[in-house]
Structures are given as structure tokens and as C-alpha cells.
$ cat structure-v8.txt   # compact mmCIF, C-alpha atoms
# COMPACT_ATOMS: atom_id res chain seq x y z
CA MET H 1 0.00 0.00 0.00
CA ALA H 2 2.81 2.43 0.83
CA ASP H 3 4.42 1.85 -2.57
CA TYR H 4 1.04 2.27 -4.30
CA ALA H 5 0.44 5.59 -2.53
CA LYS H 6 3.95 6.89 -3.26
CA LYS H 7 3.68 6.04 -6.96
CA ARG H 8 0.53 8.13 -7.08
CA GLY H 9 2.31 11.19 -5.75
CA LEU H 10 1.40 11.04 -2.09
CA SER H 11 3.82 11.59 0.77
CA VAL H 12 4.29 8.35 2.70
CA ALA H 13 5.43 7.60 6.22
CA VAL H 14 5.65 4.01 7.42
CA VAL H 15 5.25 3.53 11.17
CA GLU H 16 6.84 0.33 12.39
CA ALA H 17 7.03 -0.81 16.00
CA GLU H 18 9.52 -3.56 15.24
CA LEU H 19 11.06 -4.62 11.94
CA VAL H 20 10.06 -3.13 8.59
CA GLY H 21 8.03 -5.82 6.89
CA SER H 22 6.18 -6.76 10.05
CA GLU H 23 5.04 -10.11 11.29
CA CYS H 24 4.77 -11.95 7.98
CA SER H 25 8.37 -11.32 6.97
CA TYR H 26 10.02 -12.18 10.28
CA TRP H 27 7.83 -14.38 12.48
CA ALA H 28 4.96 -15.84 10.49
CA CYS H 29 4.53 -16.43 6.76
CA MET H 30 8.03 -16.34 5.36
CA PRO H 31 10.01 -18.28 7.98
CA SER H 32 7.26 -20.85 8.56
CA LYS H 33 6.99 -21.56 4.83
CA ALA H 34 10.78 -21.91 4.65
CA LEU H 35 10.74 -24.40 7.52
CA LEU H 36 7.89 -26.43 6.03
CA ARG H 37 9.38 -26.52 2.52
CA SER H 38 12.38 -28.64 3.56
CA GLY H 39 10.13 -31.42 4.86
CA HIS H 40 7.85 -31.21 1.83
CA ALA H 41 10.80 -31.45 -0.56
CA LEU H 42 12.22 -34.49 1.26
CA ALA H 43 8.83 -36.23 1.31
CA ALA H 44 8.35 -35.51 -2.41
CA ALA H 45 11.78 -36.93 -3.25
CA LYS H 46 10.99 -40.09 -1.26
CA ARG H 47 7.79 -40.58 -3.29
CA LEU H 48 9.48 -40.13 -6.67
CA ASP H 49 10.81 -43.28 -8.26
CA CYS H 50 14.53 -42.98 -9.08
CA ALA H 51 14.93 -40.14 -6.57
CA ALA H 52 13.66 -42.22 -3.67
CA GLN H 53 16.61 -44.56 -3.97
CA ALA H 54 19.03 -41.69 -3.54
CA VAL H 55 17.37 -40.35 -0.39
CA THR H 56 19.15 -42.02 2.47
CA GLY H 57 18.83 -39.64 5.40
CA ASP H 58 16.58 -37.34 7.32
CA LEU H 59 16.51 -33.60 7.72
CA TYR H 60 19.06 -31.92 9.97
CA ALA H 61 17.10 -29.69 12.31
CA ALA H 62 19.95 -27.17 12.62
CA HIS H 63 20.09 -26.76 8.84
CA VAL H 64 16.32 -26.40 8.54
CA LEU H 65 16.31 -23.73 11.25
CA ALA H 66 19.24 -21.93 9.60
CA ARG H 67 17.30 -21.91 6.33
CA GLY H 68 14.31 -20.36 8.12
CA ASN H 69 16.59 -17.71 9.61
CA SER H 70 18.02 -16.90 6.20
CA PHE H 71 14.51 -16.00 5.00
CA THR H 72 14.30 -13.40 7.78
CA SER H 73 17.73 -11.93 7.00
CA ASP H 74 18.59 -12.97 10.56
CA TRP H 75 15.96 -10.52 11.83
CA LYS H 76 17.65 -7.49 10.30
CA ASP H 77 15.53 -5.12 8.25
CA ASP H 78 18.38 -3.15 6.66
CA GLY H 79 17.27 -4.16 3.17
CA GLN H 80 13.68 -3.08 3.79
CA VAL H 81 14.83 0.22 5.31
CA SER H 82 17.06 0.88 2.28
CA TRP H 83 14.14 0.17 -0.04
CA LEU H 84 11.92 2.65 1.83
CA GLU H 85 14.62 5.32 1.63
CA SER H 86 15.29 4.69 -2.07
CA ALA H 87 11.55 4.96 -2.77
CA GLY H 88 11.40 8.30 -0.95
CA MET H 89 9.33 7.06 1.98
CA ASN H 90 9.82 8.09 5.59
CA LEU H 91 10.25 5.53 8.36
CA ILE H 92 9.03 6.25 11.87
CA ARG H 93 10.08 3.68 14.46
CA GLY H 94 7.92 3.07 17.47
CA PRO H 95 4.45 1.88 18.42
CA ARG H 96 1.44 3.53 16.87
CA ARG H 97 -0.75 5.64 19.07
CA ASP H 98 -4.44 6.03 18.60
CA HIS H 99 -5.28 9.72 18.59
CA ARG H 100 -9.01 9.26 18.05
CA ARG H 101 -11.36 10.63 20.62
CA LYS H 102 -12.80 8.02 22.94
CA ASP H 103 -16.36 8.82 21.80
CA ASP H 104 -15.57 8.18 18.09
$ encode --input "structure-v8.txt" --output "C-alpha cells"
Amino acid sequence: MADYAKKRGLSVAVVEAELVGSECSYWACMPSKALLRSGHALAAAKRLDCAAQAVTGDLYAAHVLARGNSFTSDWKDDGQVSWLESAGMNLIRGPRRDHRRKDD
């Protein structure tokens, strides 16, 4: 949405309490899919004739976890911050505050 607004000439500020990219990029979607994919790939290879014969071991948990971490850039958002800056967007770090009146 921020990119969409910026491309249409609006000024954009992204408010982020934690890492730019939020939950999906660092704790939910991306790392969980990376963790699951290793098991799915191994299971698929074991079901495939000719490949199944070559599969002799199991997954190494440390390697699977390292792969998941690589999808999060080891919980560093430098790349996302650089992208915001290059796109001319402002980054404000900290929690959002609701400034609406209580009777709204």
C-alpha cells in the first residue's frame, strides 16, 4: 500500500514498531513456509521413483532452522529500510498511538 500511494504522488510515512516488513516477513509467513518446505521437498523426493533410492537420510534440524533464519535476513531489516529510503518514503520507528477521541 505504501508503494502504491507513493507512486501516485502522495507523501508516505511508514510507522513500524519492530522490523520493517512486520510479522509476515520475520515471524509468520516467510520463515514458517521456509521451515515447512524442507520437509515437503524431502517427502516428495521419497515418493518419486529414481529419486527415492538416492534419499538415504533425514533432515538436519539445525540446517532447517538456519534456512528459516536466512529468510528473515537474521531478523535485520536493513534491506527493507534501504528500499523505503530509495523509494522516498519516511520511516518512523515506534508503536502507533491512537489519537481518536474516545467517543468516536
$ residues_around --input "structure-v8.txt" --residues "H:Gly88" --least-positions-apart "6" --cutoff "10 Å" --atoms "only C-alpha atoms" --output "ChimeraX atom specification"
/H:3,6,11-13,82
$ write_last_selection --input "structure-v8.txt" --atoms "C-alpha atoms" --output "tab-separated table (two decimals), in the coordinates of the input"
chain	number	residue	atom	x	y	z
H	3	ASP	CA	4.42	1.85	-2.57
H	6	LYS	CA	3.95	6.89	-3.26
H	11	SER	CA	3.82	11.59	0.77
H	12	VAL	CA	4.29	8.35	2.70
H	13	ALA	CA	5.43	7.60	6.22
H	82	SER	CA	17.06	0.88	2.28
$ closest_residue --input "structure-v8.txt" --among "H:Arg67, H:Lys33, H:Arg93, H:His40" --to "H:Glu18" --atoms "all atoms listed in the file"
H:Arg93
$ residues_around --input "structure-v8.txt" --residues "H:Ile92" --least-positions-apart "5" --cutoff "8 Å" --atoms "only C-alpha atoms" --output "VMD selection string"
chain H and resid 13 to 16
$ atom_distance --input "structure-v8.txt" --atom1 "atom CA of H:Ser70" --atom2 "atom CA of H:Pro31"
8.3 Å
$ residues_around --input "structure-v8.txt" --residues "stretch 77-80 of chain H" --least-positions-apart "5" --cutoff "10 Å" --atoms "all atoms listed in the file" --output "list in words"
Glu18, Leu19, Val20, Gly21, Ser22, Ser25, Tyr26, Thr72, Glu85 and Ser86 of chain H
$ write_last_selection --input "structure-v8.txt" --atoms "C-alpha atoms" --output "mmCIF file, in the coordinates of the input"
data_model
loop_
_atom_site.group_PDB
_atom_site.id
_atom_site.type_symbol
_atom_site.label_atom_id
_atom_site.label_comp_id
_atom_site.auth_asym_id
_atom_site.auth_seq_id
_atom_site.Cartn_x
_atom_site.Cartn_y
_atom_site.Cartn_z
ATOM 1 C CA GLU H 18 9.520 -3.560 15.240
ATOM 2 C CA LEU H 19 11.060 -4.620 11.940
ATOM 3 C CA VAL H 20 10.060 -3.130 8.590
ATOM 4 C CA GLY H 21 8.030 -5.820 6.890
ATOM 5 C CA SER H 22 6.180 -6.760 10.050
ATOM 6 C CA SER H 25 8.370 -11.320 6.970
ATOM 7 C CA TYR H 26 10.020 -12.180 10.280
ATOM 8 C CA THR H 72 14.300 -13.400 7.780
ATOM 9 C CA GLU H 85 14.620 5.320 1.630
ATOM 10 C CA SER H 86 15.290 4.690 -2.070
#
$ atom_distance --input "structure-v8.txt" --atom1 "atom CA of H:Gly68" --atom2 "atom CA of H:Ser32"
7.1 Å
$ atom_distance --input "structure-v8.txt" --atom1 "atom CA of H:Leu42" --atom2 "atom CA of H:Thr56"
10.3 Å
$ closest_residue --input "structure-v8.txt" --among "H:Leu10, H:Met30, H:Ala2, H:Ala41" --to "H:Ser73" --atoms "all atoms listed in the file"
H:Met30
$ closest_residue --input "structure-v8.txt" --among "H:Tyr4, H:Trp83, H:Tyr60, H:Phe71" --to "H:Ala28" --atoms "only C-alpha atoms"
H:Phe71
$ closest_residue --input "structure-v8.txt" --among "H:Pro95, H:Trp27, H:Leu36, H:Ala54" --to "H:Asp74" --atoms "only C-alpha atoms"
H:Trp27
$ closest_residue --input "structure-v8.txt" --among "H:Ala66, H:Ala44, H:Leu35, H:Met89" --to "H:Met1" --atoms "all atoms listed in the file"
H:Met89
$ closest_residue --input "structure-v8.txt" --among "H:Asn69, H:Ala87, H:Arg96, H:Ala17" --to "H:Ala34" --atoms "all atoms listed in the file"
H:Asn69
$ decode --input "structure-v8.txt" --residues "stretch 52-88 of chain H" --atoms "N, CA, C and O atoms" --output "mmCIF file, in the first residue's frame"
data_model
loop_
_atom_site.group_PDB
_atom_site.id
_atom_site.type_symbol
_atom_site.label_atom_id
_atom_site.label_comp_id
_atom_site.auth_asym_id
_atom_site.auth_seq_id
_atom_site.Cartn_x
_atom_site.Cartn_y
_atom_site.Cartn_z
ATOM 1 N N ALA H 52 13.844 -41.587 -4.969
ATOM 2 C CA ALA H 52 13.662 -42.225 -3.665
ATOM 3 C C ALA H 52 14.865 -43.078 -3.284
ATOM 4 O O ALA H 52 15.268 -43.119 -2.117
ATOM 5 N N GLN H 53 15.459 -43.716 -4.245
ATOM 6 C CA GLN H 53 16.609 -44.563 -3.968
ATOM 7 C C GLN H 53 17.826 -43.755 -3.512
ATOM 8 O O GLN H 53 18.687 -44.268 -2.808
ATOM 9 N N ALA H 54 17.883 -42.536 -3.900
ATOM 10 C CA ALA H 54 19.027 -41.685 -3.540
ATOM 11 C C ALA H 54 18.853 -41.028 -2.173
ATOM 12 O O ALA H 54 19.826 -40.567 -1.578
ATOM 13 N N VAL H 55 17.632 -40.989 -1.684
ATOM 14 C CA VAL H 55 17.367 -40.352 -0.391
ATOM 15 C C VAL H 55 17.677 -41.355 0.711
ATOM 16 O O VAL H 55 16.995 -42.352 0.868
ATOM 17 N N THR H 56 18.721 -41.064 1.454
ATOM 18 C CA THR H 56 19.153 -42.022 2.473
ATOM 19 C C THR H 56 19.084 -41.482 3.897
ATOM 20 O O THR H 56 19.315 -42.222 4.836
ATOM 21 N N GLY H 57 18.802 -40.210 4.053
ATOM 22 C CA GLY H 57 18.826 -39.640 5.398
ATOM 23 C C GLY H 57 17.596 -38.836 5.718
ATOM 24 O O GLY H 57 16.619 -38.817 4.965
ATOM 25 N N ASP H 58 17.656 -38.192 6.849
ATOM 26 C CA ASP H 58 16.581 -37.337 7.318
ATOM 27 C C ASP H 58 17.048 -35.885 7.278
ATOM 28 O O ASP H 58 18.201 -35.595 6.981
ATOM 29 N N LEU H 59 16.167 -35.014 7.643
ATOM 30 C CA LEU H 59 16.509 -33.604 7.724
ATOM 31 C C LEU H 59 17.388 -33.346 8.943
ATOM 32 O O LEU H 59 17.243 -34.006 9.972
ATOM 33 N N TYR H 60 18.272 -32.390 8.831
ATOM 34 C CA TYR H 60 19.060 -31.921 9.970
ATOM 35 C C TYR H 60 18.373 -30.680 10.504
ATOM 36 O O TYR H 60 18.295 -29.657 9.815
ATOM 37 N N ALA H 61 17.875 -30.784 11.720
ATOM 38 C CA ALA H 61 17.103 -29.690 12.307
ATOM 39 C C ALA H 61 17.876 -28.371 12.283
ATOM 40 O O ALA H 61 17.302 -27.323 11.965
ATOM 41 N N ALA H 62 19.160 -28.410 12.595
ATOM 42 C CA ALA H 62 19.954 -27.174 12.622
ATOM 43 C C ALA H 62 19.989 -26.521 11.244
ATOM 44 O O ALA H 62 19.913 -25.292 11.129
ATOM 45 N N HIS H 63 20.061 -27.312 10.192
ATOM 46 C CA HIS H 63 20.089 -26.760 8.835
ATOM 47 C C HIS H 63 18.728 -26.196 8.440
ATOM 48 O O HIS H 63 18.651 -25.155 7.777
ATOM 49 N N VAL H 64 17.672 -26.889 8.838
ATOM 50 C CA VAL H 64 16.317 -26.403 8.541
ATOM 51 C C VAL H 64 16.085 -25.068 9.245
ATOM 52 O O VAL H 64 15.566 -24.119 8.652
ATOM 53 N N LEU H 65 16.478 -24.987 10.509
ATOM 54 C CA LEU H 65 16.314 -23.735 11.252
ATOM 55 C C LEU H 65 17.167 -22.611 10.662
ATOM 56 O O LEU H 65 16.724 -21.463 10.586
ATOM 57 N N ALA H 66 18.382 -22.937 10.231
ATOM 58 C CA ALA H 66 19.242 -21.928 9.604
ATOM 59 C C ALA H 66 18.612 -21.423 8.306
ATOM 60 O O ALA H 66 18.681 -20.229 7.998
ATOM 61 N N ARG H 67 17.978 -22.326 7.564
ATOM 62 C CA ARG H 67 17.296 -21.912 6.335
ATOM 63 C C ARG H 67 16.158 -20.953 6.672
ATOM 64 O O ARG H 67 15.975 -19.926 6.003
ATOM 65 N N GLY H 68 15.387 -21.262 7.696
ATOM 66 C CA GLY H 68 14.314 -20.362 8.119
ATOM 67 C C GLY H 68 14.851 -18.994 8.500
ATOM 68 O O GLY H 68 14.287 -17.965 8.132
ATOM 69 N N ASN H 69 15.972 -18.978 9.227
ATOM 70 C CA ASN H 69 16.594 -17.706 9.611
ATOM 71 C C ASN H 69 17.059 -16.917 8.397
ATOM 72 O O ASN H 69 16.988 -15.688 8.389
ATOM 73 N N SER H 70 17.540 -17.609 7.386
ATOM 74 C CA SER H 70 18.017 -16.899 6.196
ATOM 75 C C SER H 70 16.878 -16.158 5.502
ATOM 76 O O SER H 70 17.096 -15.115 4.899
ATOM 77 N N PHE H 71 15.661 -16.667 5.610
ATOM 78 C CA PHE H 71 14.508 -15.997 5.001
ATOM 79 C C PHE H 71 14.135 -14.731 5.759
ATOM 80 O O PHE H 71 13.427 -13.882 5.233
ATOM 81 N N THR H 72 14.593 -14.595 6.986
ATOM 82 C CA THR H 72 14.303 -13.401 7.780
ATOM 83 C C THR H 72 15.475 -12.432 7.782
ATOM 84 O O THR H 72 15.445 -11.433 8.496
ATOM 85 N N SER H 73 16.496 -12.736 6.996
ATOM 86 C CA SER H 73 17.733 -11.930 6.998
ATOM 87 C C SER H 73 18.283 -11.820 8.420
ATOM 88 O O SER H 73 18.772 -10.781 8.835
ATOM 89 N N ASP H 74 18.153 -12.922 9.162
ATOM 90 C CA ASP H 74 18.593 -12.972 10.564
ATOM 91 C C ASP H 74 17.989 -11.844 11.387
ATOM 92 O O ASP H 74 18.629 -11.259 12.239
ATOM 93 N N TRP H 75 16.733 -11.541 11.113
ATOM 94 C CA TRP H 75 15.958 -10.522 11.827
ATOM 95 C C TRP H 75 16.593 -9.136 11.742
ATOM 96 O O TRP H 75 16.566 -8.360 12.683
ATOM 97 N N LYS H 76 17.131 -8.837 10.581
ATOM 98 C CA LYS H 76 17.649 -7.492 10.300
ATOM 99 C C LYS H 76 16.821 -6.932 9.146
ATOM 100 O O LYS H 76 16.623 -7.604 8.145
ATOM 101 N N ASP H 77 16.373 -5.716 9.292
ATOM 102 C CA ASP H 77 15.534 -5.122 8.255
ATOM 103 C C ASP H 77 16.254 -4.070 7.426
ATOM 104 O O ASP H 77 15.632 -3.228 6.793
ATOM 105 N N ASP H 78 17.581 -4.129 7.409
ATOM 106 C CA ASP H 78 18.377 -3.151 6.660
ATOM 107 C C ASP H 78 17.939 -3.033 5.197
ATOM 108 O O ASP H 78 17.853 -1.938 4.656
ATOM 109 N N GLY H 79 17.682 -4.165 4.569
ATOM 110 C CA GLY H 79 17.269 -4.156 3.169
ATOM 111 C C GLY H 79 15.929 -3.467 2.973
ATOM 112 O O GLY H 79 15.746 -2.701 2.023
ATOM 113 N N GLN H 80 14.998 -3.723 3.872
ATOM 114 C CA GLN H 80 13.684 -3.084 3.789
ATOM 115 C C GLN H 80 13.793 -1.582 4.038
ATOM 116 O O GLN H 80 13.146 -0.781 3.375
ATOM 117 N N VAL H 81 14.627 -1.198 5.000
ATOM 118 C CA VAL H 81 14.826 0.218 5.308
ATOM 119 C C VAL H 81 15.444 0.922 4.101
ATOM 120 O O VAL H 81 15.012 2.009 3.710
ATOM 121 N N SER H 82 16.436 0.298 3.482
ATOM 122 C CA SER H 82 17.063 0.875 2.283
ATOM 123 C C SER H 82 16.049 1.053 1.163
ATOM 124 O O SER H 82 16.058 2.058 0.451
ATOM 125 N N TRP H 83 15.164 0.066 1.003
ATOM 126 C CA TRP H 83 14.145 0.172 -0.042
ATOM 127 C C TRP H 83 13.220 1.351 0.235
ATOM 128 O O TRP H 83 12.899 2.116 -0.678
ATOM 129 N N LEU H 84 12.780 1.512 1.498
ATOM 130 C CA LEU H 84 11.920 2.654 1.830
ATOM 131 C C LEU H 84 12.605 3.972 1.490
ATOM 132 O O LEU H 84 12.006 4.857 0.883
ATOM 133 N N GLU H 85 13.868 4.084 1.883
ATOM 134 C CA GLU H 85 14.616 5.316 1.629
ATOM 135 C C GLU H 85 14.760 5.568 0.136
ATOM 136 O O GLU H 85 14.572 6.691 -0.331
ATOM 137 N N SER H 86 15.101 4.521 -0.627
ATOM 138 C CA SER H 86 15.288 4.691 -2.073
ATOM 139 C C SER H 86 13.985 5.054 -2.776
ATOM 140 O O SER H 86 13.987 5.694 -3.821
ATOM 141 N N ALA H 87 12.861 4.646 -2.195
ATOM 142 C CA ALA H 87 11.552 4.960 -2.772
ATOM 143 C C ALA H 87 11.023 6.310 -2.283
ATOM 144 O O ALA H 87 9.928 6.725 -2.660
ATOM 145 N N GLY H 88 11.800 6.991 -1.429
ATOM 146 C CA GLY H 88 11.396 8.304 -0.946
ATOM 147 C C GLY H 88 10.343 8.276 0.147
ATOM 148 O O GLY H 88 9.594 9.234 0.315
#
